[in-house]
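Just below is one structure, and these are the notes that go with it.
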Amino acid sequence: MLKVIRRSRLRKNVPARRILIPKGIIHVQASLNNTIVTVTDMRGRVISWSSAGTCGFKTKRKGTPFAAQTAAATAIRTLKVKNKDMQRAEVRIKGPGIGRDAALQAIRRSNIRIACMQDITPIPHNGCRPPKKRRV
């Protein structure tokens with residue numbers, strides 16, 4: 001015998017609940033050609049992201065400081081659109097690009113307190129073996 005399960009009516013025009021994320025991580029990957037900003041929670045699950053390419057910059061302009069600043073501001077603005085409040089964040093910067101400082105300034109301008117800032121650029125310790133010398 002089948003039972004019919006009635007669904008209660010969904011309420012309309014109910015404001016979305018604000019999800020509080022007390023602390024998160026903001027990853028800034030600044031290469032010479034582009035800048036990617038990713039906002040995650042403490043477990044590493046991505047909440048929002050943005051890059052200079054998705055903000056409308058093309059070719060050489062993606063590597064500029066203004067493009068990095070725009071990408072960081074867009075990633076943080078997406079947090080507020082998704083109704084997620086983040087009070088504190090760790091900032092992890094990676095790469096040699098010139099957009100590093102501009103992205104950091106955009107993060108400071110938002111209402112997110114920076115708990116700690118780390119530079120996680122990979123540095124080779126002695127690196128790869130060089131090619132053998134050329135004999136002429």
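Identifiers in the structure tokens: chain A, B, ... in order shown; residue index from 1 per chain; ligand index from 1 in order shown.
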
Test item: residues at most 6 Å from Val39 (chain A), only C-alpha atoms, excluding those fewer than 2 positions along its chain, as a PyMOL selection string: chain A and resi 25-26+47-49

Ala72 (chain A) surroundings by only C-alpha atoms, 6 Å radius, close-in-sequence under 2 positions cut, as number ranges by chain: A: 37, 69-70, 74-75, 103

For the residues selected in the previous step, produce a file with N, CA and C atoms as a compact mmCIF listing (two decimals), in the first residue's frame.
```txt
# COMPACT_ATOMS: atom_id res chain seq x y z
N VAL A 37 42.79 34.48 -7.12
CA VAL A 37 42.47 34.65 -5.70
C VAL A 37 41.38 33.63 -5.36
N GLN A 69 44.21 43.54 -8.08
CA GLN A 69 43.36 44.23 -7.10
C GLN A 69 41.89 43.98 -7.42
N THR A 70 41.51 44.03 -8.69
CA THR A 70 40.14 43.78 -9.10
C THR A 70 39.73 42.34 -8.82
N THR A 74 36.76 41.20 -6.28
CA THR A 74 35.64 40.41 -6.80
C THR A 74 35.45 39.14 -5.99
N ALA A 75 36.53 38.48 -5.60
CA ALA A 75 36.42 37.25 -4.80
C ALA A 75 35.80 37.54 -3.43
N ALA A 103 46.86 42.84 -4.54
CA ALA A 103 45.82 41.94 -4.03
C ALA A 103 45.75 42.04 -2.52
```

Which of region 16-91 of chain A fall in alpha helix (DSSP H), as a VMD selection string: chain A and resid 65 to 81

Output N, CA, C and O atoms for every residue in that selection, as a compact mmCIF listing (two decimals), in the first residue's frame.
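Below you can see again-v9.txt, which holds the result:
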```
# COMPACT_ATOMS: atom_id res chain seq x y z
N PRO A 65 49.09 45.04 -11.61
CA PRO A 65 48.60 45.16 -10.24
C PRO A 65 47.12 45.53 -10.16
O PRO A 65 46.41 45.07 -9.26
N PHE A 66 46.64 46.35 -11.09
CA PHE A 66 45.23 46.73 -11.06
C PHE A 66 44.33 45.52 -11.30
O PHE A 66 43.27 45.37 -10.68
N ALA A 67 44.75 44.62 -12.19
CA ALA A 67 43.97 43.40 -12.44
C ALA A 67 43.94 42.51 -11.20
O ALA A 67 42.91 41.91 -10.88
N ALA A 68 45.06 42.43 -10.48
CA ALA A 68 45.11 41.63 -9.25
C ALA A 68 44.22 42.23 -8.17
O ALA A 68 43.52 41.51 -7.45
N GLN A 69 44.21 43.54 -8.08
CA GLN A 69 43.36 44.23 -7.10
C GLN A 69 41.89 43.98 -7.42
O GLN A 69 41.08 43.70 -6.53
N THR A 70 41.51 44.03 -8.69
CA THR A 70 40.14 43.78 -9.10
C THR A 70 39.73 42.34 -8.82
O THR A 70 38.62 42.08 -8.37
N ALA A 71 40.64 41.40 -9.06
CA ALA A 71 40.35 39.98 -8.82
C ALA A 71 40.12 39.72 -7.33
O ALA A 71 39.20 38.99 -6.95
N ALA A 72 40.94 40.32 -6.48
CA ALA A 72 40.78 40.13 -5.03
C ALA A 72 39.48 40.75 -4.55
O ALA A 72 38.76 40.15 -3.74
N ALA A 73 39.16 41.93 -5.04
CA ALA A 73 37.91 42.58 -4.62
C ALA A 73 36.69 41.79 -5.09
O ALA A 73 35.71 41.67 -4.36
N THR A 74 36.76 41.20 -6.28
CA THR A 74 35.64 40.41 -6.80
C THR A 74 35.45 39.14 -5.99
O THR A 74 34.30 38.75 -5.70
N ALA A 75 36.53 38.48 -5.60
CA ALA A 75 36.42 37.25 -4.80
C ALA A 75 35.80 37.54 -3.43
O ALA A 75 34.98 36.76 -2.94
N ILE A 76 36.16 38.67 -2.83
CA ILE A 76 35.62 39.02 -1.52
C ILE A 76 34.17 39.50 -1.65
O ILE A 76 33.33 39.21 -0.81
N ARG A 77 33.86 40.21 -2.74
CA ARG A 77 32.49 40.67 -2.95
C ARG A 77 31.55 39.49 -3.18
O ARG A 77 30.39 39.51 -2.77
N THR A 78 32.03 38.42 -3.80
CA THR A 78 31.23 37.23 -4.03
C THR A 78 30.84 36.58 -2.71
O THR A 78 29.77 36.00 -2.59
N LEU A 79 31.71 36.69 -1.69
CA LEU A 79 31.37 36.18 -0.36
C LEU A 79 30.12 36.86 0.17
O LEU A 79 29.23 36.20 0.73
N LYS A 80 30.04 38.16 0.01
CA LYS A 80 28.89 38.89 0.55
C LYS A 80 27.63 38.61 -0.25
O LYS A 80 26.54 38.60 0.30
N VAL A 81 27.76 38.35 -1.55
CA VAL A 81 26.60 38.01 -2.37
C VAL A 81 26.05 36.65 -1.96
O VAL A 81 24.84 36.44 -1.93
```

Pairwise distance for CA of Arg45 (chain A) and CA of Lys23 (chain A), rounded to one decimal in Å: 12.4 Å

Shell around region 87-96 of chain A at 9 Å using only C-alpha atoms, local window under 5 positions removed, as a list in words: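 The residues that qualify are Leu20, Ile21, Pro22, Lys23, Gly24, Ile25, Ile26, His27, Val28, Gln29, Ala30, Ser31, Leu32, Asp41, Leu104, Ile107, Asn111, Ile112, Arg113, Ile114, Ala115, Cys116, Met117, Gln118, Asp119, Ile120, Thr121 and Pro122 of chain A.
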
Distance of CA of Asn33 (chain A) from CA of Lys62 (chain A), expressed in Å to one decimal place: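 Separation between CA of Lys62 (chain A) and CA of Asn33 (chain A): 6.0 Å.
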
Strand (DSSP E) positions in chain A, given as a VMD selection string: chain A and resid 19 to 30 35 to 41 46 to 51 84 to 94 113 to 119

Nearest candidate to Gly56 (chain A) (options A:Asn126, A:Gln105, A:Asn34, A:Asn83; using only C-alpha atoms): A:Asn34

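With only C-alpha atoms as the atoms that count, the residue of A:Met86, A:Cys128, A:Cys55, A:Ile19 with the shortest distance to Thr40 (chain A) is A:Met86.
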